[in-house]
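Content type CSV, C-alpha atoms, from the file data38.csv:
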```csv
chain,number,residue,atom,x,y,z
A,16,MET,CA,-35.9,-25.9,3.9
A,17,ALA,CA,-33.1,-26.0,6.4
A,18,SER,CA,-33.7,-24.5,9.9
A,19,GLN,CA,-32.8,-20.8,10.2
A,20,THR,CA,-32.2,-21.0,14.0
A,21,LYS,CA,-28.5,-21.9,13.9
A,22,LEU,CA,-25.9,-19.2,14.6
A,23,LYS,CA,-24.8,-17.2,11.6
A,24,ILE,CA,-21.1,-16.3,11.6
A,25,LEU,CA,-19.0,-14.7,8.8
A,26,ASN,CA,-15.2,-14.6,8.5
A,27,ASP,CA,-13.9,-11.1,8.1
A,28,PRO,CA,-10.2,-10.3,7.3
A,29,ILE,CA,-10.2,-7.4,9.8
A,30,TYR,CA,-12.0,-8.7,12.9
A,31,GLY,CA,-12.0,-12.5,12.4
A,32,PHE,CA,-15.5,-14.0,13.0
A,33,ILE,CA,-18.5,-11.7,12.9
A,34,THR,CA,-21.7,-13.0,14.5
A,35,ILE,CA,-25.1,-12.0,13.0
A,36,PRO,CA,-27.0,-11.5,16.3
A,37,ASN,CA,-30.5,-12.4,15.3
A,38,GLU,CA,-33.0,-13.6,12.7
A,39,ARG,CA,-34.3,-10.1,11.7
A,40,ILE,CA,-30.9,-8.7,11.0
A,41,PHE,CA,-30.0,-11.9,9.0
A,42,LYS,CA,-33.2,-11.3,7.0
A,43,ILE,CA,-32.3,-7.7,6.3
A,44,ILE,CA,-28.8,-8.8,5.1
A,45,GLU,CA,-30.6,-11.4,2.8
A,46,HIS,CA,-32.8,-8.7,1.3
A,47,PRO,CA,-32.0,-7.9,-2.4
A,48,TYR,CA,-31.6,-4.2,-1.5
A,49,PHE,CA,-28.8,-5.1,0.9
A,50,GLN,CA,-27.3,-7.9,-1.2
A,51,ARG,CA,-26.8,-5.2,-3.9
A,52,LEU,CA,-24.0,-3.7,-1.7
A,53,ARG,CA,-21.9,-6.7,-2.7
A,54,ARG,CA,-21.7,-5.0,-6.1
A,55,ILE,CA,-20.9,-1.5,-4.9
A,56,SER,CA,-17.2,-0.8,-4.3
A,57,GLN,CA,-16.4,0.9,-1.0
A,58,MET,CA,-13.7,3.1,-2.5
A,59,GLY,CA,-15.0,3.9,-6.0
A,60,LEU,CA,-12.2,3.8,-8.5
A,61,SER,CA,-9.3,3.8,-6.0
A,62,TYR,CA,-8.4,0.3,-7.1
A,63,LEU,CA,-6.8,2.0,-10.2
A,64,VAL,CA,-4.2,3.4,-7.7
A,65,TYR,CA,-4.3,0.8,-4.9
A,66,PRO,CA,-4.9,-2.6,-6.6
A,67,GLY,CA,-6.2,-4.3,-3.4
A,68,ALA,CA,-9.0,-1.8,-2.9
A,69,HIS,CA,-11.7,-4.0,-4.2
A,70,HIS,CA,-13.7,-4.3,-1.0
A,71,THR,CA,-17.4,-3.5,-1.0
A,72,ARG,CA,-20.0,-1.6,0.9
A,73,PHE,CA,-21.3,-5.0,2.0
A,74,HIS,CA,-18.0,-5.7,3.8
A,75,HIS,CA,-18.1,-2.3,5.5
A,76,ALA,CA,-21.7,-2.6,6.7
A,77,LEU,CA,-21.1,-5.9,8.4
A,78,GLY,CA,-17.9,-4.6,10.0
A,79,CYS,CA,-19.9,-1.7,11.4
A,80,VAL,CA,-22.4,-4.1,12.9
A,81,HIS,CA,-19.5,-6.0,14.6
A,82,LEU,CA,-18.2,-2.7,16.1
A,83,MET,CA,-21.7,-1.7,17.2
A,84,LEU,CA,-22.1,-5.0,19.1
A,85,LYS,CA,-18.9,-4.3,20.9
A,86,ALA,CA,-19.9,-0.7,21.7
A,87,VAL,CA,-23.2,-1.8,23.2
A,88,ARG,CA,-21.5,-4.5,25.3
A,89,ILE,CA,-18.9,-2.0,26.7
A,90,LEU,CA,-21.5,0.7,27.5
A,91,ARG,CA,-23.7,-1.8,29.3
A,92,ILE,CA,-20.7,-2.9,31.4
A,93,LYS,CA,-20.3,0.7,32.4
A,94,GLY,CA,-23.9,1.0,33.6
A,95,VAL,CA,-25.4,2.6,30.5
A,96,GLU,CA,-28.9,1.2,30.1
A,97,ILE,CA,-29.6,0.0,26.6
A,98,SER,CA,-32.7,-2.2,26.1
A,99,ASP,CA,-32.7,-5.2,23.8
A,100,LYS,CA,-35.1,-3.3,21.5
A,101,GLU,CA,-32.7,-0.3,21.4
A,102,GLU,CA,-29.7,-2.6,20.8
A,103,GLU,CA,-31.4,-4.2,17.8
A,104,ALA,CA,-32.4,-0.8,16.4
A,105,LEU,CA,-28.8,0.4,16.7
A,106,LEU,CA,-27.5,-2.6,14.8
A,107,ILE,CA,-30.2,-2.2,12.1
A,108,ALA,CA,-29.4,1.5,11.7
A,109,ILE,CA,-25.7,1.0,11.4
A,110,LEU,CA,-26.2,-2.0,9.1
A,111,MET,CA,-28.3,0.1,6.7
A,112,HIS,CA,-26.5,3.5,7.0
A,113,ASP,CA,-24.9,3.1,3.5
A,114,ILE,CA,-27.6,1.2,1.7
A,115,GLY,CA,-28.4,4.3,-0.5
A,116,HIS,CA,-25.0,4.4,-2.2
A,117,GLY,CA,-25.0,4.2,-5.9
A,118,PRO,CA,-22.5,2.7,-8.3
A,119,PHE,CA,-18.9,3.6,-7.3
A,120,SER,CA,-20.1,5.2,-4.2
A,121,HIS,CA,-19.8,9.0,-4.2
A,122,ALA,CA,-19.3,9.7,-7.9
A,123,MET,CA,-23.0,9.0,-8.6
A,124,GLU,CA,-24.3,11.7,-6.3
A,125,HIS,CA,-23.1,14.2,-8.9
A,126,SER,CA,-24.2,12.3,-12.0
A,127,LEU,CA,-27.2,10.1,-12.0
A,128,VAL,CA,-29.3,11.9,-9.4
A,129,GLU,CA,-29.4,15.7,-8.8
A,130,GLY,CA,-29.0,17.0,-5.4
A,131,VAL,CA,-30.0,13.8,-3.7
A,132,ASP,CA,-27.3,12.4,-1.3
A,133,HIS,CA,-26.8,8.8,-0.3
A,134,GLU,CA,-28.2,9.4,3.2
A,135,THR,CA,-31.5,10.5,1.7
A,136,ILE,CA,-31.7,7.4,-0.5
A,137,SER,CA,-30.7,5.2,2.5
A,138,LEU,CA,-33.6,6.6,4.4
A,139,LEU,CA,-36.0,5.9,1.5
A,140,PHE,CA,-34.8,2.3,1.4
A,141,MET,CA,-35.2,2.0,5.1
A,142,GLU,CA,-38.8,3.3,5.0
A,143,GLN,CA,-39.6,0.9,2.1
A,144,MET,CA,-38.1,-2.0,4.0
A,145,ASN,CA,-39.9,-1.0,7.2
A,146,ALA,CA,-43.2,-1.5,5.4
A,147,GLU,CA,-42.0,-5.0,4.3
A,148,PHE,CA,-40.8,-5.9,7.8
A,149,ASN,CA,-44.0,-5.1,9.5
A,150,GLN,CA,-42.9,-1.7,10.9
A,151,SER,CA,-40.1,-3.4,12.9
A,152,LEU,CA,-37.5,-0.9,11.7
A,153,THR,CA,-39.3,2.2,13.1
A,154,LEU,CA,-36.9,2.7,16.1
A,155,ALA,CA,-33.8,2.2,13.9
A,156,ILE,CA,-35.1,4.9,11.5
A,157,GLN,CA,-35.7,7.3,14.4
A,158,ILE,CA,-32.1,6.7,15.7
A,159,PHE,CA,-30.7,7.1,12.1
A,160,LYS,CA,-32.5,10.4,11.7
A,161,GLY,CA,-31.5,11.7,15.1
A,162,SER,CA,-35.1,12.1,16.2
A,163,TYR,CA,-34.9,9.5,19.0
A,164,GLU,CA,-34.6,11.1,22.5
A,165,ARG,CA,-31.3,9.4,23.4
A,166,LYS,CA,-28.7,11.5,21.6
A,167,PHE,CA,-25.7,9.2,22.1
A,168,MET,CA,-27.4,6.5,20.0
A,169,ASN,CA,-27.4,8.7,16.9
A,170,GLN,CA,-23.8,9.7,17.7
A,171,LEU,CA,-22.8,6.0,17.5
A,172,ILE,CA,-24.2,6.0,14.0
A,173,SER,CA,-23.2,9.4,12.8
A,174,SER,CA,-20.7,11.7,14.6
A,175,GLN,CA,-17.0,12.5,14.4
A,176,MET,CA,-16.1,9.2,15.9
A,177,ASP,CA,-18.9,6.9,15.0
A,178,MET,CA,-18.8,3.1,14.2
A,179,ASP,CA,-18.9,4.0,10.4
A,180,ARG,CA,-15.5,5.9,10.6
A,181,LEU,CA,-14.0,3.4,13.0
A,182,ASP,CA,-14.6,0.7,10.5
A,183,TYR,CA,-13.9,2.4,7.2
A,184,LEU,CA,-10.5,3.8,8.2
A,185,LYS,CA,-9.2,0.5,9.4
A,186,ARG,CA,-10.8,-1.5,6.5
A,187,ASP,CA,-9.6,1.0,3.8
A,188,SER,CA,-6.1,1.0,5.4
A,189,PHE,CA,-6.0,-2.8,5.2
A,190,TYR,CA,-7.2,-3.2,1.6
A,191,THR,CA,-5.0,-0.3,0.3
A,192,GLY,CA,-2.0,-1.2,2.4
A,193,ALA,CA,-1.8,2.5,3.5
A,194,VAL,CA,-0.8,1.8,7.2
A,195,GLU,CA,-1.5,5.4,8.3
A,196,GLY,CA,-5.2,4.6,8.7
A,197,ASN,CA,-4.7,1.5,10.8
A,198,ILE,CA,-6.4,2.9,13.9
A,199,ASN,CA,-7.1,1.0,17.1
A,200,SER,CA,-10.8,0.8,16.8
A,201,GLU,CA,-11.1,-1.8,19.6
A,202,ARG,CA,-9.3,0.4,22.2
A,203,LEU,CA,-11.4,3.5,21.1
A,204,ILE,CA,-14.6,1.5,21.7
A,205,THR,CA,-13.4,0.2,25.0
A,206,MET,CA,-12.8,3.8,26.2
A,207,LEU,CA,-16.4,5.0,25.3
A,208,ASN,CA,-18.9,6.1,27.9
A,209,VAL,CA,-22.1,8.2,28.1
A,210,VAL,CA,-22.6,11.3,30.2
A,211,ASN,CA,-25.7,13.4,30.1
A,212,ASP,CA,-26.9,11.3,27.2
A,213,GLU,CA,-23.8,12.2,25.1
A,214,LEU,CA,-21.0,10.0,24.0
A,215,VAL,CA,-17.6,10.7,25.7
A,216,VAL,CA,-14.2,9.1,25.6
A,217,GLU,CA,-12.5,8.3,28.9
A,218,GLU,CA,-9.2,10.2,29.6
A,219,LYS,CA,-6.9,7.2,29.1
A,220,GLY,CA,-8.2,6.9,25.5
A,221,ILE,CA,-6.9,10.3,24.5
A,222,TYR,CA,-3.8,9.0,22.6
A,223,SER,CA,-6.0,6.6,20.6
A,224,VAL,CA,-8.3,9.6,19.7
A,225,GLU,CA,-5.2,11.6,18.6
A,226,LYS,CA,-4.0,8.7,16.4
A,227,PHE,CA,-7.6,8.3,15.0
A,228,LEU,CA,-7.8,12.0,14.0
A,229,ILE,CA,-4.3,12.1,12.5
A,230,GLY,CA,-4.9,8.8,10.7
A,231,ARG,CA,-8.1,10.2,9.2
A,232,ARG,CA,-6.3,13.3,7.9
A,233,LEU,CA,-3.4,11.2,6.4
A,234,MET,CA,-5.9,8.8,4.8
A,235,TYR,CA,-7.7,11.7,3.1
A,236,TRP,CA,-4.5,13.1,1.6
A,237,GLN,CA,-2.9,9.8,0.8
A,238,VAL,CA,-5.9,7.7,-0.3
A,239,TYR,CA,-9.3,9.4,-0.6
A,240,LEU,CA,-8.0,12.5,-2.2
A,241,HIS,CA,-5.1,10.9,-4.1
A,242,LYS,CA,-4.6,12.8,-7.3
A,243,THR,CA,-5.0,9.8,-9.6
A,244,SER,CA,-8.2,8.5,-7.8
A,245,LEU,CA,-9.5,12.1,-8.1
A,246,ALA,CA,-8.8,12.2,-11.8
A,247,ALA,CA,-10.5,8.8,-12.3
A,248,GLU,CA,-13.6,9.8,-10.4
A,249,GLN,CA,-13.9,13.1,-12.3
A,250,LEU,CA,-13.6,11.1,-15.6
A,251,LEU,CA,-16.5,8.9,-14.4
A,252,ILE,CA,-18.7,11.9,-13.6
A,253,ARG,CA,-17.9,13.3,-17.1
A,254,VAL,CA,-18.7,9.9,-18.8
A,255,LEU,CA,-22.2,10.0,-17.4
A,256,LYS,CA,-22.7,13.7,-18.1
A,257,ARG,CA,-21.7,13.1,-21.7
A,258,ALA,CA,-23.9,10.1,-22.0
A,259,LYS,CA,-26.9,12.1,-20.7
A,260,GLU,CA,-26.1,14.9,-23.2
A,261,LEU,CA,-26.0,12.5,-26.1
A,262,ILE,CA,-29.2,10.8,-25.1
A,263,ASP,CA,-30.9,14.3,-24.8
A,264,ASP,CA,-29.7,15.0,-28.3
A,265,GLY,CA,-31.4,11.9,-29.6
A,266,HIS,CA,-28.4,9.5,-29.8
A,267,GLN,CA,-29.0,5.8,-29.1
A,268,LEU,CA,-26.7,4.4,-26.4
A,269,HIS,CA,-26.6,0.8,-25.2
A,270,ALA,CA,-26.9,0.4,-21.4
A,271,SER,CA,-28.9,-1.7,-18.9
A,272,GLY,CA,-32.5,-0.7,-18.3
A,273,SER,CA,-31.8,0.7,-14.9
A,274,LEU,CA,-28.9,2.9,-16.0
A,275,LEU,CA,-30.8,4.2,-19.0
A,276,TYR,CA,-33.7,5.2,-16.7
A,277,PHE,CA,-31.3,7.6,-14.9
A,278,LEU,CA,-29.7,8.8,-18.1
A,279,GLN,CA,-33.0,9.5,-19.8
A,280,ASN,CA,-34.8,11.1,-16.8
A,281,LYS,CA,-33.9,14.1,-14.7
A,282,VAL,CA,-34.1,12.6,-11.2
A,283,GLU,CA,-34.4,15.1,-8.3
A,284,ARG,CA,-35.6,14.5,-4.7
A,285,GLN,CA,-39.3,15.1,-5.6
A,286,HIS,CA,-39.1,12.4,-8.3
A,287,PHE,CA,-37.9,9.7,-6.0
A,288,ASP,CA,-41.1,7.6,-5.9
A,289,ALA,CA,-41.4,3.9,-5.3
A,290,HIS,CA,-40.7,3.2,-9.0
A,291,THR,CA,-37.5,5.3,-9.1
A,292,LEU,CA,-36.3,3.6,-5.9
A,293,GLU,CA,-36.9,0.2,-7.5
A,294,MET,CA,-34.9,1.3,-10.5
A,295,PHE,CA,-32.1,2.6,-8.3
A,296,SER,CA,-32.0,-0.7,-6.4
A,297,ARG,CA,-31.1,-2.5,-9.7
A,298,LEU,CA,-28.1,-0.2,-10.3
A,299,ASP,CA,-24.6,-1.2,-9.3
A,300,ASP,CA,-21.0,-0.9,-10.5
A,301,ASN,CA,-21.5,-3.6,-13.1
A,302,ASP,CA,-24.1,-1.5,-15.0
A,303,VAL,CA,-21.6,1.3,-15.4
A,304,ILE,CA,-18.6,-0.9,-16.3
A,305,SER,CA,-20.6,-2.8,-18.9
A,306,ALA,CA,-21.9,0.5,-20.4
A,307,MET,CA,-18.4,2.0,-20.6
A,308,LYS,CA,-17.0,-1.1,-22.3
A,309,GLU,CA,-19.7,-0.6,-25.0
A,310,TRP,CA,-19.3,3.2,-25.2
A,311,MET,CA,-15.5,2.9,-25.8
A,312,TYR,CA,-16.5,2.1,-29.4
A,313,SER,CA,-19.0,5.0,-29.7
A,314,GLU,CA,-18.7,7.4,-32.6
A,315,ASP,CA,-18.6,10.3,-30.2
A,316,PHE,CA,-15.0,11.4,-29.7
A,317,VAL,CA,-15.6,12.6,-26.1
A,318,LEU,CA,-17.5,9.5,-24.8
A,319,SER,CA,-15.3,6.9,-26.4
A,320,ASN,CA,-12.1,8.5,-25.2
A,321,LEU,CA,-13.4,9.1,-21.7
A,322,CYS,CA,-14.5,5.5,-21.4
A,323,GLU,CA,-11.2,4.1,-22.8
A,324,MET,CA,-9.3,6.2,-20.3
A,325,ILE,CA,-11.1,4.5,-17.4
A,326,ILE,CA,-11.3,0.9,-18.8
A,327,ASN,CA,-7.7,0.8,-20.0
A,328,ARG,CA,-6.4,3.1,-17.2
A,329,LYS,CA,-5.0,5.7,-19.6
A,330,LEU,CA,-5.9,8.4,-17.2
A,331,LEU,CA,-5.5,12.1,-17.4
A,332,LYS,CA,-2.4,13.7,-15.9
A,333,SER,CA,-3.3,15.4,-12.6
A,334,LYS,CA,-1.6,17.9,-10.4
A,335,ILE,CA,-2.5,19.1,-7.0
A,336,LYS,CA,-1.2,22.5,-5.9
A,337,LYS,CA,-1.8,25.0,-3.1
A,338,LYS,CA,-2.7,27.7,-5.6
A,339,ARG,CA,-5.5,27.7,-8.1
A,340,PRO,CA,-4.2,27.1,-11.7
A,341,SER,CA,-4.4,30.2,-13.9
A,342,ARG,CA,-7.1,30.5,-16.5
A,343,GLU,CA,-4.4,31.1,-19.2
A,344,LYS,CA,-2.8,27.7,-18.4
A,345,LEU,CA,-6.1,25.9,-18.7
A,346,GLU,CA,-7.0,27.8,-22.0
A,347,GLN,CA,-3.6,27.0,-23.4
A,348,ARG,CA,-4.1,23.2,-22.8
A,349,LYS,CA,-7.6,23.3,-24.2
A,350,LYS,CA,-6.5,25.1,-27.3
A,351,ALA,CA,-3.7,22.5,-27.9
A,352,LEU,CA,-6.2,19.7,-27.6
A,353,GLN,CA,-8.7,21.4,-29.9
A,354,LYS,CA,-6.0,21.9,-32.5
A,355,LYS,CA,-4.6,18.4,-32.3
A,356,TYR,CA,-8.0,16.5,-32.5
A,357,ASN,CA,-10.0,19.2,-34.3
A,358,ILE,CA,-12.7,19.3,-31.6
A,359,SER,CA,-14.7,22.2,-30.1
A,360,GLU,CA,-13.9,24.1,-26.9
A,361,LYS,CA,-16.9,22.4,-25.2
A,362,GLU,CA,-15.5,19.0,-26.1
A,363,ALA,CA,-12.0,19.9,-25.0
A,364,SER,CA,-13.4,21.0,-21.6
A,365,TYR,CA,-14.3,17.4,-20.8
A,366,PHE,CA,-10.5,16.6,-20.8
A,367,VAL,CA,-9.1,19.8,-19.3
A,368,PHE,CA,-10.5,21.0,-16.1
A,369,ASP,CA,-9.7,22.1,-12.6
A,370,GLY,CA,-11.4,22.1,-9.2
A,371,GLU,CA,-10.7,22.2,-5.5
A,372,ILE,CA,-10.5,19.7,-2.7
A,373,ALA,CA,-10.8,20.2,1.1
A,374,ASN,CA,-9.6,18.2,4.0
A,375,LEU,CA,-11.0,18.8,7.5
A,376,ALA,CA,-10.0,16.1,10.0
A,377,TYR,CA,-12.0,17.5,12.9
A,378,LYS,CA,-14.9,19.9,12.9
A,379,ARG,CA,-15.3,21.8,16.2
A,380,GLU,CA,-18.8,23.3,15.7
A,381,LYS,CA,-21.0,20.4,16.8
A,382,ASP,CA,-20.6,16.8,18.1
A,383,ASN,CA,-17.1,17.4,19.4
A,384,ILE,CA,-15.1,14.4,20.6
A,385,ASN,CA,-15.3,15.0,24.3
A,386,ILE,CA,-12.9,13.6,26.9
A,387,LEU,CA,-14.1,12.5,30.3
A,388,HIS,CA,-11.6,13.2,33.1
A,389,LYS,CA,-11.4,11.1,36.3
A,390,ASN,CA,-12.8,14.1,38.2
A,391,GLY,CA,-15.9,14.1,36.0
A,392,LYS,CA,-14.9,17.2,34.0
A,393,ILE,CA,-15.6,17.0,30.2
A,394,CYS,CA,-13.4,18.8,27.7
A,395,ASP,CA,-13.0,18.9,23.9
A,396,VAL,CA,-10.1,16.7,22.8
A,397,VAL,CA,-8.3,19.6,21.3
A,398,LYS,CA,-8.2,21.5,24.6
A,399,VAL,CA,-6.9,18.5,26.5
A,400,SER,CA,-4.4,17.2,24.0
A,401,ASP,CA,-0.7,18.0,24.3
A,402,GLN,CA,-0.4,17.1,20.6
A,403,PHE,CA,0.4,20.4,18.9
A,404,ASN,CA,-0.8,19.1,15.6
A,405,LEU,CA,-4.4,18.5,16.8
A,406,LYS,CA,-5.4,22.2,16.8
A,407,ALA,CA,-4.1,22.4,13.2
A,408,LEU,CA,-6.5,19.5,12.3
A,409,THR,CA,-9.5,21.8,13.1
A,410,ASN,CA,-8.6,24.0,10.1
A,411,THR,CA,-9.8,23.2,6.6
A,412,VAL,CA,-6.9,22.7,4.2
A,413,THR,CA,-7.9,23.6,0.6
A,414,LYS,CA,-5.9,22.5,-2.4
A,415,TYR,CA,-6.5,22.8,-6.1
A,416,TYR,CA,-6.3,20.2,-8.8
A,417,MET,CA,-5.9,20.4,-12.6
A,418,CYS,CA,-6.4,17.5,-15.0
A,419,TYR,CA,-5.4,17.3,-18.6
A,420,PRO,CA,-4.3,14.8,-21.2
A,421,LYS,CA,-0.6,14.1,-22.0
A,422,VAL,CA,-0.6,15.7,-25.5
A,423,LYS,CA,2.4,14.8,-27.6
A,424,ASP,CA,3.3,16.8,-30.6
```
Let me see whether you can do it: turn the structure in this file into structure tokens.
Amino acid sequence: MASQTKLKILNDPIYGFITIPNERIFKIIEHPYFQRLRRISQMGLSYLVYPGAHHTRFHHALGCVHLMLKAVRILRIKGVEISDKEEEALLIAILMHDIGHGPFSHAMEHSLVEGVDHETISLLFMEQMNAEFNQSLTLAIQIFKGSYERKFMNQLISSQMDMDRLDYLKRDSFYTGAVEGNINSERLITMLNVVNDELVVEEKGIYSVEKFLIGRRLMYWQVYLHKTSLAAEQLLIRVLKRAKELIDDGHQLHASGSLLYFLQNKVERQHFDAHTLEMFSRLDDNDVISAMKEWMYSEDFVLSNLCEMIINRKLLKSKIKKKRPSREKLEQRKKALQKKYNISEKEASYFVFDGEIANLAYKREKDNINILHKNGKICDVVKVSDQFNLKALTNTVTKYYMCYPKVKD
């Protein structure tokens, strides 16, 4: 066996060389639970719109570690005391913050498990690995949960300007080519400080914060809530819903053992025991893609068509409007589909549906982004900013989508 003491560095297209700071973090990265993130796409099915968006949760997690190392170094220079133990815990917590994501990231939270979000599953993975790593992840788990006494540490992991957001906006912008999200994460980190145990941004960083918030809003409309990505994700949710329905009715469907486990069983929070977690850890994008390639040839009209739409990118037509589409319009489109293909209303509703999307760039209720003035005064960024748009970013903008097939006579 080669010696494990040499420095581990990785080359990242965003930041250049990323250093893995110590042996324990390297061992966590080597763990099968973490290696699985190489097979989970960061942006779901967005590559159907942005062909370059094939980067993974693995990329993102390592980028977050790199930014956290920078943040700790900057805060220490400014006199914030962070022990070596706390630094390691911060790095472990940010490294594992997304470890609970299922295939294609967010789509699975509505399909394979019921009412169990990825943060909950991340915590279950962390607790399982804590047992394997001789309880050395305990402090990282406390910081992740927000139960550690130093509040700013949790804010570095999860807040309105955390290392997670600073990485994914820049990374997703790079891989999609949508330059609006290309924020200056380095400058933002350089401007961080801690006052009364809370994270603040020094006054001279205000324009970078403004650009970050506006960039976030634009990335949501242009990339994350893009109408075609939205239609693709909704199709994927419906593929799994239909597969579950058919299995419940006694149909045989081919899929990997781990995917079948979640299709055959109703999995809620109380069912998430060690066995379920192990089955979840075997699931990734490949299980779903392989299953859909099989199901394209299913005798079931709904399942085969939904799968073909995703695999061959024959997606539904989608429209996003400020007003909710009328029931009459939806019924009309459903009826046309029923008539053309001789299918039931229930079957037609898999292809014709509506919903709503919301975009809130900045939430002012808790964990505000606070600006530290030279005189020591602390104010919410919206109050300090001379950027008129910033106040508008505190309002939730809701839009409505409608998806339907292009039916030709």
Suppose you want the space between CA of Gly196 in chain A and CA of Glu225 in chain A; what is it in Å?
12.1 Å
Identify which of the residues A:Leu321, A:Ile221, A:Leu106, A:Leu63 lies closest to Thr191 in chain A, counting only C-alpha atoms when measuring atom-to-atom distances.
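Once distances to Thr191 in chain A are computed over only C-alpha atoms, the minimum belongs to A:Leu63.
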I'd like the neighbourhood of range 304-318 of chain A as a ChimeraX atom specification, where a residue qualifies if any of its atoms comes within 10 Å (using all atoms listed in the file), though same-chain residues fewer than 2 positions away should be ignored.
/A:118,251,253-258,261,266,268-271,274-275,299-302,320-327,356,358,361-366
Computed interatomic separation between CA of Gln50 in chain A and CA of Leu22 in chain A (Å)
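It comes out at 19.5 Å.
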Might you pull out every residue within 10 Å of His69 in chain A, with all atoms listed in the file counted and same-chain residues fewer than 3 positions away left off, and present them as a list in words?
Ile55, Ser56, Gln57, Met58, Gly59, Leu60, Ser61, Tyr62, Leu63, Tyr65, Pro66, Asp187, Tyr190 and Thr191 of chain A
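With all atoms listed in the file as the atoms that count, the residue of A:Thr291, A:Thr243, A:Asn390, A:Thr153 with the shortest distance to Cys418 in chain A is A:Thr243.
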Between A:Leu77, A:Met294, A:Ile109, A:Ile89, which one has atoms that come closest to Leu207 in chain A, using all atoms listed in the file?
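Among the listed residues, the smallest separation from Leu207 in chain A belongs to A:Ile89.
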Give me, please, the distance in Å between CA of Val194 in chain A and CA of Ser120 in chain A, quoted to one decimal.
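CA of Val194 in chain A sits 22.7 Å away from CA of Ser120 in chain A.
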Counting only C-alpha atoms, the residue of A:Cys79, A:Val224, A:Ala246, A:Leu90 that sits nearest Lys329 in chain A
A:Ala246
Can you save range 247-251 of chain A of the given block to a file, including all heavy atoms and formatted as a PDB file, in the first residue's frame?
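Produced file part14.pdb, reproduced below:
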```
ATOM      1  N   ALA A 247     -39.193  18.970 -17.955  1.00  0.00           N
ATOM      2  CA  ALA A 247     -38.453  17.698 -17.885  1.00  0.00           C
ATOM      3  C   ALA A 247     -38.515  17.114 -16.475  1.00  0.00           C
ATOM      4  O   ALA A 247     -38.740  15.914 -16.292  1.00  0.00           O
ATOM      5  CB  ALA A 247     -37.004  17.913 -18.314  1.00  0.00           C
ATOM      6  N   GLU A 248     -38.335  17.978 -15.461  1.00  0.00           N
ATOM      7  CA  GLU A 248     -38.370  17.492 -14.078  1.00  0.00           C
ATOM      8  C   GLU A 248     -39.758  16.972 -13.720  1.00  0.00           C
ATOM      9  O   GLU A 248     -39.894  15.942 -13.061  1.00  0.00           O
ATOM     10  CB  GLU A 248     -37.957  18.608 -13.112  1.00  0.00           C
ATOM     11  CG  GLU A 248     -37.874  18.093 -11.689  1.00  0.00           C
ATOM     12  CD  GLU A 248     -37.147  19.040 -10.741  1.00  0.00           C
ATOM     13  OE1 GLU A 248     -35.984  19.369 -10.982  1.00  0.00           O
ATOM     14  OE2 GLU A 248     -37.772  19.449  -9.746  1.00  0.00           O
ATOM     15  N   GLN A 249     -40.796  17.667 -14.179  1.00  0.00           N
ATOM     16  CA  GLN A 249     -42.168  17.220 -13.921  1.00  0.00           C
ATOM     17  C   GLN A 249     -42.437  15.868 -14.600  1.00  0.00           C
ATOM     18  O   GLN A 249     -43.131  15.022 -14.052  1.00  0.00           O
ATOM     19  CB  GLN A 249     -43.181  18.279 -14.405  1.00  0.00           C
ATOM     20  CG  GLN A 249     -43.236  19.524 -13.541  1.00  0.00           C
ATOM     21  CD  GLN A 249     -43.658  19.225 -12.110  1.00  0.00           C
ATOM     22  OE1 GLN A 249     -44.519  18.382 -11.858  1.00  0.00           O
ATOM     23  NE2 GLN A 249     -43.036  19.891 -11.157  1.00  0.00           N
ATOM     24  N   LEU A 250     -41.885  15.689 -15.782  1.00  0.00           N
ATOM     25  CA  LEU A 250     -42.033  14.393 -16.471  1.00  0.00           C
ATOM     26  C   LEU A 250     -41.379  13.284 -15.663  1.00  0.00           C
ATOM     27  O   LEU A 250     -41.927  12.197 -15.518  1.00  0.00           O
ATOM     28  CB  LEU A 250     -41.399  14.455 -17.870  1.00  0.00           C
ATOM     29  CG  LEU A 250     -42.185  15.175 -18.968  1.00  0.00           C
ATOM     30  CD1 LEU A 250     -41.323  15.311 -20.215  1.00  0.00           C
ATOM     31  CD2 LEU A 250     -43.481  14.450 -19.300  1.00  0.00           C
ATOM     32  N   LEU A 251     -40.192  13.564 -15.126  1.00  0.00           N
ATOM     33  CA  LEU A 251     -39.477  12.566 -14.335  1.00  0.00           C
ATOM     34  C   LEU A 251     -40.269  12.181 -13.079  1.00  0.00           C
ATOM     35  O   LEU A 251     -40.371  10.999 -12.727  1.00  0.00           O
ATOM     36  CB  LEU A 251     -38.101  13.112 -13.945  1.00  0.00           C
ATOM     37  CG  LEU A 251     -37.174  12.183 -13.176  1.00  0.00           C
ATOM     38  CD1 LEU A 251     -36.965  10.862 -13.892  1.00  0.00           C
ATOM     39  CD2 LEU A 251     -35.822  12.855 -12.938  1.00  0.00           C
TER      40      LEU A 251
END
```
